[in-house]
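Visitor: Pasting upload.cif below, which is mmCIF, C-alpha atoms and all ligand atoms.
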```
data_coords
loop_
_atom_site.label_atom_id
_atom_site.label_comp_id
_atom_site.auth_asym_id
_atom_site.auth_seq_id
_atom_site.Cartn_x
_atom_site.Cartn_y
_atom_site.Cartn_z
CA MET X 1 0.00 0.00 0.00
CA GLU X 2 2.74 2.40 1.02
CA LEU X 3 4.11 2.13 -2.50
CA PHE X 4 1.33 3.95 -4.21
CA THR X 5 0.49 6.29 -1.38
CA ALA X 6 4.08 7.37 -0.78
CA GLY X 7 4.46 11.14 -0.75
CA LEU X 8 0.79 11.70 -0.09
CA ILE X 9 -0.39 13.41 3.09
CA SER X 10 -3.61 12.26 4.75
CA LEU X 11 -6.53 14.66 4.95
CA GLU X 12 -6.42 14.65 8.76
CA ASP X 13 -2.70 15.46 8.81
CA ALA X 14 -3.18 18.15 6.20
CA ARG X 15 -6.00 19.75 8.13
CA ALA X 16 -4.12 19.59 11.42
CA LYS X 17 -0.93 20.99 9.85
CA MET X 18 -2.86 23.83 8.30
CA LEU X 19 -4.88 24.76 11.39
CA ALA X 20 -1.84 24.60 13.67
CA GLN X 21 -0.23 27.47 11.77
CA ILE X 22 -3.19 29.77 11.85
CA THR X 23 -3.94 32.50 14.34
CA PRO X 24 -7.35 34.13 14.11
CA LEU X 25 -7.82 37.64 12.77
CA ALA X 26 -7.78 40.33 15.41
CA ASP X 27 -9.47 43.28 13.66
CA SER X 28 -13.02 43.93 14.77
CA GLU X 29 -15.69 46.48 14.07
CA ALA X 30 -19.01 47.51 15.62
CA VAL X 31 -22.14 46.78 13.59
CA ALA X 32 -25.85 47.18 14.23
CA ILE X 33 -27.56 43.89 15.05
CA THR X 34 -29.84 44.47 12.06
CA ALA X 35 -26.74 44.19 9.84
CA ALA X 36 -24.90 41.48 11.77
CA ALA X 37 -26.37 38.26 10.33
CA GLY X 38 -23.57 35.86 9.38
CA ARG X 39 -20.91 37.89 11.21
CA ILE X 40 -18.77 36.44 14.00
CA THR X 41 -18.58 37.80 17.54
CA ALA X 42 -15.20 39.37 18.34
CA GLU X 43 -15.74 39.22 22.10
CA ALA X 44 -18.06 37.63 24.60
CA VAL X 45 -21.41 39.37 25.05
CA VAL X 46 -22.56 40.06 28.61
CA SER X 47 -26.20 40.73 29.43
CA PRO X 48 -26.87 44.33 30.49
CA LEU X 49 -30.12 43.31 32.19
CA ASP X 50 -32.18 40.56 33.72
CA VAL X 51 -34.45 38.64 31.35
CA PRO X 52 -37.29 38.78 32.08
CA PRO X 53 -36.58 42.22 33.56
CA PHE X 54 -39.36 41.88 36.18
CA ALA X 55 -41.45 39.06 37.68
CA ASN X 56 -44.51 38.50 35.52
CA SER X 57 -47.43 36.18 35.05
CA ALA X 58 -47.15 33.03 32.93
CA MET X 59 -50.93 32.73 32.67
CA ASP X 60 -54.16 34.66 32.36
CA GLY X 61 -55.73 34.36 35.79
CA TYR X 62 -55.69 35.88 39.26
CA ALA X 63 -52.78 37.01 41.44
CA LEU X 64 -53.15 36.04 45.14
CA ARG X 65 -51.49 36.78 48.46
CA THR X 66 -50.31 33.80 50.52
CA GLU X 67 -53.12 34.16 53.04
CA ASP X 68 -55.73 33.76 50.29
CA PHE X 69 -54.42 30.48 48.84
CA ALA X 70 -57.15 28.30 50.39
CA ASN X 71 -59.13 26.12 47.99
CA LYS X 72 -62.83 27.14 47.58
CA GLN X 73 -62.02 30.64 48.82
CA PRO X 74 -64.28 33.38 47.33
CA LEU X 75 -62.35 36.60 46.66
CA SER X 76 -63.31 40.00 45.33
CA VAL X 77 -61.29 41.47 42.44
CA ALA X 78 -59.45 44.67 43.36
CA GLY X 79 -58.13 45.57 39.91
CA LYS X 80 -56.41 44.45 36.74
CA ALA X 81 -52.82 44.01 35.58
CA PHE X 82 -52.08 43.85 31.84
CA ALA X 83 -48.86 43.21 29.93
CA GLY X 84 -47.49 46.73 29.60
CA ALA X 85 -49.93 48.19 32.17
CA PRO X 86 -49.14 47.13 35.76
CA PHE X 87 -51.68 47.21 38.57
CA THR X 88 -51.02 50.35 40.63
CA GLY X 89 -54.09 50.78 42.81
CA GLU X 90 -54.94 49.88 46.40
CA TRP X 91 -55.08 46.15 47.10
CA PRO X 92 -57.40 45.51 50.09
CA ALA X 93 -57.05 42.35 52.21
CA GLY X 94 -59.21 39.41 51.06
CA SER X 95 -59.14 40.36 47.39
CA CYS X 96 -57.17 39.32 44.33
CA ILE X 97 -55.96 40.98 41.13
CA ARG X 98 -57.09 39.95 37.67
CA ILE X 99 -53.83 39.43 35.73
CA MET X 100 -52.89 38.66 32.11
CA THR X 101 -49.90 36.79 30.71
CA GLY X 102 -46.78 38.96 30.79
CA ALA X 103 -48.23 41.49 33.24
CA PRO X 104 -45.95 42.48 36.16
CA ILE X 105 -46.77 40.59 39.37
CA PRO X 106 -48.35 43.11 41.80
CA ALA X 107 -46.30 43.78 44.94
CA GLY X 108 -47.26 41.25 47.62
CA ALA X 109 -48.66 38.61 45.26
CA ALA X 110 -47.28 35.12 45.88
CA ALA X 111 -48.94 33.06 43.13
CA VAL X 112 -51.13 33.24 40.05
CA VAL X 113 -54.10 30.91 39.69
CA MET X 114 -55.01 30.20 36.11
CA GLN X 115 -58.43 31.35 35.03
CA GLU X 116 -59.48 27.77 34.25
CA GLN X 117 -59.08 26.88 37.94
CA THR X 118 -61.50 29.55 39.13
CA GLU X 119 -65.24 30.08 39.05
CA SER X 120 -66.71 33.51 38.29
CA LEU X 121 -69.00 34.81 41.01
CA GLU X 122 -71.34 37.80 40.91
CA ASP X 123 -68.91 39.88 42.97
CA GLY X 124 -65.58 38.10 42.46
CA VAL X 125 -64.05 34.64 41.89
CA ARG X 126 -63.80 31.36 43.74
CA ILE X 127 -60.49 29.45 43.72
CA LEU X 128 -61.15 25.82 42.72
CA ALA X 129 -57.67 24.30 43.03
CA ASP X 130 -54.85 24.03 45.52
CA VAL X 131 -52.36 26.86 45.19
CA THR X 132 -48.62 26.69 45.79
CA ALA X 133 -46.34 29.64 46.38
CA GLY X 134 -44.69 30.92 43.20
CA GLN X 135 -46.92 29.06 40.77
CA ASN X 136 -47.30 30.66 37.31
CA ILE X 137 -44.84 33.40 38.21
CA ARG X 138 -41.85 33.91 35.90
CA LEU X 139 -39.10 35.35 38.05
CA ALA X 140 -36.91 38.28 37.06
CA GLY X 141 -33.62 36.98 35.58
CA GLU X 142 -35.01 33.44 35.25
CA ASP X 143 -33.85 33.23 31.62
CA ILE X 144 -30.71 35.42 31.79
CA ARG X 145 -29.09 37.19 34.76
CA GLN X 146 -27.65 40.65 34.35
CA GLY X 147 -23.88 40.25 33.90
CA ALA X 148 -24.12 36.68 32.64
CA SER X 149 -22.22 35.80 29.47
CA VAL X 150 -24.79 35.07 26.77
CA LEU X 151 -22.52 34.55 23.74
CA ALA X 152 -18.86 33.58 23.58
CA ALA X 153 -16.36 35.10 21.18
CA GLY X 154 -16.17 33.26 17.85
CA VAL X 155 -19.89 32.63 17.45
CA LYS X 156 -21.58 33.09 14.11
CA LEU X 157 -24.65 35.29 14.47
CA GLY X 158 -27.88 33.90 13.07
CA ALA X 159 -31.53 33.37 13.94
CA ALA X 160 -30.63 31.78 17.29
CA GLU X 161 -28.31 34.59 18.42
CA LEU X 162 -29.53 37.92 17.02
CA PRO X 163 -33.05 37.79 18.53
CA LEU X 164 -31.37 36.99 21.86
CA LEU X 165 -29.35 40.21 21.55
CA ALA X 166 -32.53 42.07 20.63
CA SER X 167 -34.22 40.71 23.77
CA LEU X 168 -31.40 42.25 25.78
CA GLY X 169 -31.81 45.63 24.12
CA ILE X 170 -28.34 45.38 22.54
CA ARG X 171 -28.27 47.45 19.35
CA GLN X 172 -24.63 47.14 18.37
CA ILE X 173 -22.14 44.34 18.61
CA ARG X 174 -18.41 43.95 17.98
CA VAL X 175 -17.75 41.46 15.20
CA LEU X 176 -14.63 40.42 13.33
CA ARG X 177 -14.04 42.26 10.13
CA LYS X 178 -14.94 40.18 7.09
CA LEU X 179 -12.22 37.95 5.71
CA ARG X 180 -10.99 39.16 2.33
CA VAL X 181 -10.56 36.26 -0.02
CA ALA X 182 -9.17 36.59 -3.55
CA VAL X 183 -10.18 33.97 -6.07
CA PHE X 184 -9.05 33.17 -9.59
CA SER X 185 -9.29 30.26 -12.00
CA THR X 186 -6.39 29.15 -14.15
CA GLY X 187 -6.67 27.50 -17.55
CA ASP X 188 -6.33 28.48 -21.21
CA GLU X 189 -9.49 26.45 -21.90
CA LEU X 190 -11.75 28.46 -19.56
CA GLN X 191 -14.44 30.89 -20.66
CA PRO X 192 -16.59 33.01 -18.37
CA VAL X 193 -20.32 32.31 -18.40
CA GLY X 194 -22.00 34.44 -21.07
CA GLU X 195 -19.25 34.06 -23.68
CA PRO X 196 -19.61 31.56 -26.55
CA LEU X 197 -17.40 28.48 -26.42
CA ALA X 198 -14.74 28.01 -29.12
CA ALA X 199 -13.23 24.60 -29.94
CA GLY X 200 -11.64 23.03 -26.87
CA GLN X 201 -13.08 25.55 -24.42
CA ILE X 202 -15.24 24.91 -21.35
CA TYR X 203 -17.04 27.18 -18.94
CA ASP X 204 -15.36 28.19 -15.69
CA THR X 205 -17.31 26.30 -13.03
CA ASN X 206 -14.89 26.59 -10.15
CA ARG X 207 -14.77 30.34 -9.69
CA PHE X 208 -18.54 30.36 -9.60
CA ALA X 209 -18.64 27.57 -7.00
CA VAL X 210 -15.89 29.06 -4.84
CA ARG X 211 -17.34 32.56 -4.94
CA LEU X 212 -20.73 31.27 -3.88
CA MET X 213 -19.32 29.19 -1.02
CA LEU X 214 -17.24 32.15 0.16
CA GLU X 215 -20.28 34.40 0.13
CA THR X 216 -22.26 31.82 2.10
CA LEU X 217 -19.44 31.82 4.64
CA GLY X 218 -19.64 35.61 4.93
CA CYS X 219 -16.35 36.48 3.22
CA GLU X 220 -15.62 39.52 1.13
CA VAL X 221 -14.73 38.14 -2.29
CA ILE X 222 -12.14 39.68 -4.59
CA ASP X 223 -12.69 38.08 -7.99
CA LEU X 224 -9.60 38.20 -10.18
CA GLY X 225 -11.20 36.29 -13.04
CA ILE X 226 -9.61 33.73 -15.32
CA ILE X 227 -5.82 33.63 -15.56
CA LYS X 228 -4.00 32.12 -18.55
CA ASP X 229 -1.57 29.25 -18.11
CA GLN X 230 1.44 31.53 -18.45
CA PRO X 231 3.96 32.10 -15.67
CA GLU X 232 3.88 35.88 -16.17
CA ALA X 233 0.09 36.13 -15.98
CA LEU X 234 0.04 33.82 -13.00
CA ARG X 235 2.77 35.73 -11.18
CA ALA X 236 0.84 38.99 -11.65
CA ALA X 237 -2.34 37.36 -10.32
CA PHE X 238 -0.54 35.95 -7.28
CA LEU X 239 1.01 39.32 -6.46
CA GLN X 240 -2.22 41.25 -6.87
CA ALA X 241 -4.17 38.72 -4.82
CA ASP X 242 -1.58 38.68 -2.05
CA ALA X 243 -1.61 42.46 -1.85
CA GLN X 244 -5.37 42.60 -1.34
CA ALA X 245 -6.48 39.49 0.52
CA ASP X 246 -6.13 37.46 3.71
CA VAL X 247 -6.57 34.25 1.75
CA VAL X 248 -5.89 33.52 -1.92
CA ILE X 249 -7.71 30.66 -3.63
CA SER X 250 -6.89 29.49 -7.13
CA SER X 251 -8.13 26.49 -9.04
CA GLY X 252 -6.44 24.39 -11.69
CA GLY X 253 -2.79 24.09 -12.59
CA VAL X 254 -1.83 22.16 -9.46
CA SER X 255 -1.23 18.81 -11.15
CA VAL X 256 1.92 17.81 -12.96
CA GLY X 257 0.91 18.69 -16.53
CA GLU X 258 3.03 20.88 -18.76
CA ALA X 259 0.85 23.93 -18.21
CA ASP X 260 0.64 23.54 -14.42
CA TYR X 261 2.60 26.47 -12.98
CA THR X 262 0.95 26.98 -9.60
CA LYS X 263 3.52 24.99 -7.65
CA GLN X 264 6.35 26.88 -9.32
CA MET X 265 4.74 30.21 -8.40
CA LEU X 266 4.21 29.19 -4.81
CA GLU X 267 7.84 28.12 -4.56
CA GLU X 268 8.94 31.43 -6.05
CA LEU X 269 6.63 33.81 -4.16
CA GLY X 270 5.98 31.95 -0.94
CA GLU X 271 6.33 28.70 0.90
CA ILE X 272 4.64 25.37 0.28
CA GLY X 273 2.95 23.76 3.28
CA PHE X 274 1.95 20.59 1.46
CA TRP X 275 1.06 19.50 -1.96
CA LYS X 276 -0.60 16.14 -2.53
CA LEU X 277 -3.42 14.59 -0.51
CA ALA X 278 -4.23 10.92 -0.06
CA MET X 279 -7.80 11.82 -0.88
CA LYS X 280 -10.16 11.21 -3.73
CA PRO X 281 -11.29 13.41 -5.30
CA GLY X 282 -8.72 16.08 -4.57
CA LYS X 283 -5.28 14.54 -4.79
CA PRO X 284 -3.50 17.64 -6.06
CA PHE X 285 -4.17 20.37 -3.51
CA ALA X 286 -1.68 23.05 -2.64
CA PHE X 287 -1.48 24.85 0.67
CA GLY X 288 1.08 27.47 1.48
CA ARG X 289 1.95 30.93 2.61
CA LEU X 290 2.47 34.02 0.46
CA ALA X 291 4.08 37.23 1.72
CA ASN X 292 0.85 38.53 3.31
CA SER X 293 -1.73 35.82 2.90
CA TRP X 294 -2.53 32.12 3.03
CA PHE X 295 -2.77 30.29 -0.26
CA CYS X 296 -4.98 27.35 -1.23
CA GLY X 297 -4.61 25.86 -4.70
CA LEU X 298 -7.69 23.81 -5.53
CA PRO X 299 -7.57 21.09 -8.17
CA GLY X 300 -9.07 21.94 -11.56
CA ASN X 301 -11.70 19.25 -11.75
CA PRO X 302 -14.87 20.86 -10.34
CA VAL X 303 -15.84 18.02 -7.98
CA SER X 304 -12.29 17.94 -6.60
CA ALA X 305 -12.30 21.71 -6.21
CA ALA X 306 -15.60 21.68 -4.32
CA VAL X 307 -14.64 18.75 -2.07
CA THR X 308 -11.25 20.20 -1.12
CA PHE X 309 -12.79 23.61 -0.52
CA TYR X 310 -15.38 21.99 1.72
CA GLN X 311 -13.00 19.72 3.63
CA LEU X 312 -9.98 22.01 3.94
CA VAL X 313 -10.65 25.61 3.03
CA GLN X 314 -13.85 25.79 5.06
CA PRO X 315 -12.12 24.76 8.33
CA LEU X 316 -9.24 27.11 7.49
CA LEU X 317 -11.60 30.07 7.12
CA ALA X 318 -13.40 29.07 10.33
CA ARG X 319 -10.09 29.06 12.21
CA LEU X 320 -9.01 32.38 10.73
CA THR X 321 -12.20 33.95 12.03
CA GLY X 322 -11.74 32.40 15.47
CA GLN X 323 -14.88 30.32 15.21
CA GLN X 324 -15.41 27.79 17.93
CA ALA X 325 -17.85 25.59 16.08
CA ASP X 326 -16.46 22.85 13.87
CA ALA X 327 -17.36 23.83 10.31
CA LEU X 328 -18.06 20.23 9.36
CA PRO X 329 -21.17 18.31 10.45
CA PRO X 330 -20.65 15.14 12.51
CA ARG X 331 -20.39 11.86 10.64
CA MET X 332 -22.91 9.06 11.03
CA ARG X 333 -23.11 5.40 10.18
CA ALA X 334 -25.31 4.17 7.35
CA ARG X 335 -25.78 0.89 5.52
CA ALA X 336 -24.75 0.88 1.88
CA SER X 337 -27.79 -0.11 -0.17
CA GLY X 338 -25.73 -0.74 -3.30
CA VAL X 339 -22.15 -1.47 -4.32
CA LEU X 340 -19.68 1.40 -3.78
CA LYS X 341 -16.68 0.96 -6.05
CA LYS X 342 -13.34 1.87 -4.53
CA SER X 343 -9.69 0.91 -4.66
CA PRO X 344 -7.52 1.09 -1.53
CA GLY X 345 -4.99 3.91 -1.15
CA ARG X 346 -6.90 7.15 -0.67
CA LEU X 347 -9.70 8.45 1.55
CA ASP X 348 -12.71 8.65 -0.72
CA PHE X 349 -15.49 11.25 -0.61
CA GLN X 350 -18.23 9.80 -2.78
CA ARG X 351 -21.45 11.68 -3.25
CA GLY X 352 -24.43 9.84 -1.80
CA ILE X 353 -28.10 10.07 -0.94
CA PHE X 354 -28.98 8.99 2.59
CA SER X 355 -32.38 8.25 4.03
CA ARG X 356 -33.95 6.17 6.80
CA ASN X 357 -35.04 2.63 5.99
CA ALA X 358 -38.03 0.68 7.35
CA ASP X 359 -35.94 -0.59 10.32
CA GLY X 360 -35.09 2.98 11.31
CA ASP X 361 -31.46 2.61 10.19
CA LEU X 362 -29.77 5.12 7.93
CA GLN X 363 -29.08 3.82 4.46
CA VAL X 364 -27.06 5.40 1.70
CA ILE X 365 -26.80 4.97 -2.03
CA SER X 366 -24.29 6.37 -4.49
CA THR X 367 -25.39 9.12 -6.88
CA GLY X 368 -23.78 7.08 -9.68
CA HIS X 369 -20.76 8.12 -11.71
CA GLN X 370 -18.14 9.36 -9.23
CA GLY X 371 -15.75 10.98 -11.72
CA SER X 372 -14.13 14.18 -10.45
CA HIS X 373 -15.57 16.05 -13.43
CA VAL X 374 -19.18 14.92 -12.77
CA PHE X 375 -20.43 18.00 -10.94
CA SER X 376 -24.08 17.00 -11.36
CA SER X 377 -23.47 14.41 -8.62
CA PHE X 378 -23.67 17.23 -6.06
CA SER X 379 -27.15 18.39 -6.88
CA GLN X 380 -28.57 14.89 -6.36
CA ALA X 381 -26.52 14.15 -3.24
CA ASN X 382 -27.24 15.10 0.36
CA CYS X 383 -24.07 13.67 1.90
CA PHE X 384 -20.53 12.48 1.38
CA ILE X 385 -19.92 8.77 1.76
CA VAL X 386 -16.55 8.76 3.49
CA LEU X 387 -14.68 5.55 2.70
CA GLU X 388 -11.51 4.84 4.67
CA ARG X 389 -8.17 4.99 2.94
CA GLU X 390 -7.41 1.25 2.99
CA ARG X 391 -10.93 0.12 2.19
CA GLY X 392 -11.79 -1.57 -1.09
CA THR X 393 -15.15 -1.90 -2.84
CA VAL X 394 -18.11 -1.87 -0.46
CA GLN X 395 -20.81 -4.52 -0.83
CA PRO X 396 -24.51 -3.86 -0.23
CA GLY X 397 -25.38 -4.16 3.47
CA GLU X 398 -21.95 -3.05 4.75
CA TRP X 399 -21.80 -0.14 7.17
CA VAL X 400 -20.14 3.06 5.96
CA GLU X 401 -19.59 6.56 7.35
CA ILE X 402 -21.60 9.39 5.91
CA GLU X 403 -21.16 13.13 6.37
CA PRO X 404 -24.40 15.08 5.71
CA PHE X 405 -23.86 18.27 3.71
CA ASN X 406 -24.02 21.57 5.56
CA ALA X 407 -25.47 24.80 4.13
CA LEU X 408 -22.48 25.22 1.77
CA LEU X 409 -23.70 22.34 -0.33
CA GLY X 410 -27.38 22.93 0.21
CA GLY X 411 -27.75 20.65 3.28
P1 LIG M 1 -5.91 21.16 -14.17
O1 LIG M 1 -5.84 20.92 -12.70
O2 LIG M 1 -5.66 22.59 -14.53
O3 LIG M 1 -5.03 20.22 -14.91
O4 LIG M 1 -7.39 20.84 -14.60
C1 LIG M 1 -7.94 19.54 -14.46
C2 LIG M 1 -9.27 19.45 -15.20
O5 LIG M 1 -10.19 20.36 -14.66
C3 LIG M 1 -9.19 19.80 -16.68
O6 LIG M 1 -10.08 18.95 -17.38
C4 LIG M 1 -9.66 21.24 -16.74
O7 LIG M 1 -10.19 21.60 -17.97
C5 LIG M 1 -10.71 21.24 -15.66
N1 LIG M 1 -10.85 22.57 -15.08
C6 LIG M 1 -9.84 23.34 -14.61
N2 LIG M 1 -10.32 24.50 -14.11
C7 LIG M 1 -11.66 24.46 -14.28
C8 LIG M 1 -12.71 25.36 -14.00
N3 LIG M 1 -12.46 26.54 -13.42
N4 LIG M 1 -13.97 25.01 -14.30
C9 LIG M 1 -14.22 23.80 -14.88
N5 LIG M 1 -13.29 22.90 -15.17
C10 LIG M 1 -12.00 23.22 -14.90
MG MG M 2 -5.32 23.66 -16.13
#
```
Turn this file's structure into structure tokens for me.
Ligand code: AMP
Ligand code: MG
Guide:
Amino acid sequence: MELFTAGLISLEDARAKMLAQITPLADSEAVAITAAAGRITAEAVVSPLDVPPFANSAMDGYALRTEDFANKQPLSVAGKAFAGAPFTGEWPAGSCIRIMTGAPIPAGAAAVVMQEQTESLEDGVRILADVTAGQNIRLAGEDIRQGASVLAAGVKLGAAELPLLASLGIRQIRVLRKLRVAVFSTGDELQPVGEPLAAGQIYDTNRFAVRLMLETLGCEVIDLGIIKDQPEALRAAFLQADAQADVVISSGGVSVGEADYTKQMLEELGEIGFWKLAMKPGKPFAFGRLANSWFCGLPGNPVSAAVTFYQLVQPLLARLTGQQADALPPRMRARASGVLKKSPGRLDFQRGIFSRNADGDLQVISTGHQGSHVFSSFSQANCFIVLERERGTVQPGEWVEIEPFNALLGG
């Protein structure tokens, strides 16, 4: 086995090597919470107040004093408390207060009896159930205490976090500045979408895919277009990208063909971290350092480019922005419902469709042709089937690992 995997670095080693070198960005800025979706907290957020800010009723009903708890007790109603309009009047002994959900608990009240457990009388109500102290009262600070940390640094702000900030009356928050990522495609055969194809030309898929994934991740994209397979053109692109971006991502030109100059450029203008992965698709993948930025050279084949972006660039960008969450969803076990062709030697990321079978087990089936140029496999798939490096062809019924797609791939 070693023979044909010699010189290849495993995905895990590559990822670890990459992440070990990276220190998160430090620059932050203040943004309004209405403009903060997708941004990442630069510091922990501490609550400026108690939530709820005051004790209030969890039910529509009647607020009672302790001495009036007795079952079957008839009570007169001294006044009303609404959400937004507290009871402020006199509260004579032997009476209760009509109270609505969310209304402040009147001073001296020890419990709220829900309306359904009372009987209306001509001149008041009768309590029909046993009452315990504190029932149906939401205490001040029960959800969040003033001064408590509500969000850590390195948290991406979305529908779970921003409404929480709104509930605390926080209008502005410090977030990391957006990562600037430069992207270009290399290849004399590439045409931008919208141009007619001449003989031997194909459309540039990768730049489109990478740009979209970067936008989904909240990066600021610097699109340098299509670069010819000429050392001069490539050098100029590298220099321009490095001058403008935190991360530079190219695609194509990382194999060992005669027009593959990326490695040469990286050697000349920077430092190579690693080069070839024991991974399929995605064997040629370059990682390195330029004068001011990190460089990732994706393979040219679109499936390989997307898989390596997903498995390596995504965690890199998460680390650079100090994110605590692992960018990749957890793996699960599923039963192969068909044959999965594979030869030992490289970790394989096949595209699959998983579902639950009649026994409640997860099952997975291949999307079909697994060629690294078959991009259509992604739109049918909802997961990667991750087949271990030394594994051979999988027979129906065998257990395999799957990795459900996250939002980058439409999961
Ligand atoms: P390369 O890594 O440059 O040798 O490219 C490998 C394969 O991927 C070739 O068939 C290229 O035509 C194809 N390819 C390279 N870049 C792109 C791109 N941006 N979009 C679509 N296919 C590409
Ligand atoms: Mg090429």
Visitor: Around ligand MG 2 (chain M), out to 12 Å and counting all atoms listed in the file, which residues are there? I want them as a VMD selection string.
Guide: chain X and resid 185 to 190 201 to 202 204 206 226 to 230 234 250 to 262 284 297 to 302
Visitor: So which one's closest to Trp275 of chain X, X:Val183, X:Ala83, X:Leu197, X:Met18? Using only C-alpha atoms, please.
Guide: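 Going through X:Val183, X:Ala83, X:Leu197, X:Met18 one by one, the smallest distance to Trp275 of chain X is for X:Met18.
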Visitor: With all atoms listed in the file as the atoms that count, which of X:Leu19, X:Met114, X:Leu266, X:Ile353 lies nearest to Asn136 of chain X?
Guide: X:Met114
Visitor: One decimal, in Å: what's the spacing between atom CA of Leu224 of chain X and atom CA of Ala237 of chain X?
Guide: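 Atom CA of Leu224 of chain X sits 7.3 Å away from atom CA of Ala237 of chain X.
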Visitor: Quick one, how far is atom CA of Cys383 of chain X from atom CA of Glu401 of chain X?
Guide: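 Going from atom CA of Cys383 of chain X over to atom CA of Glu401 of chain X covers 10.0 Å.
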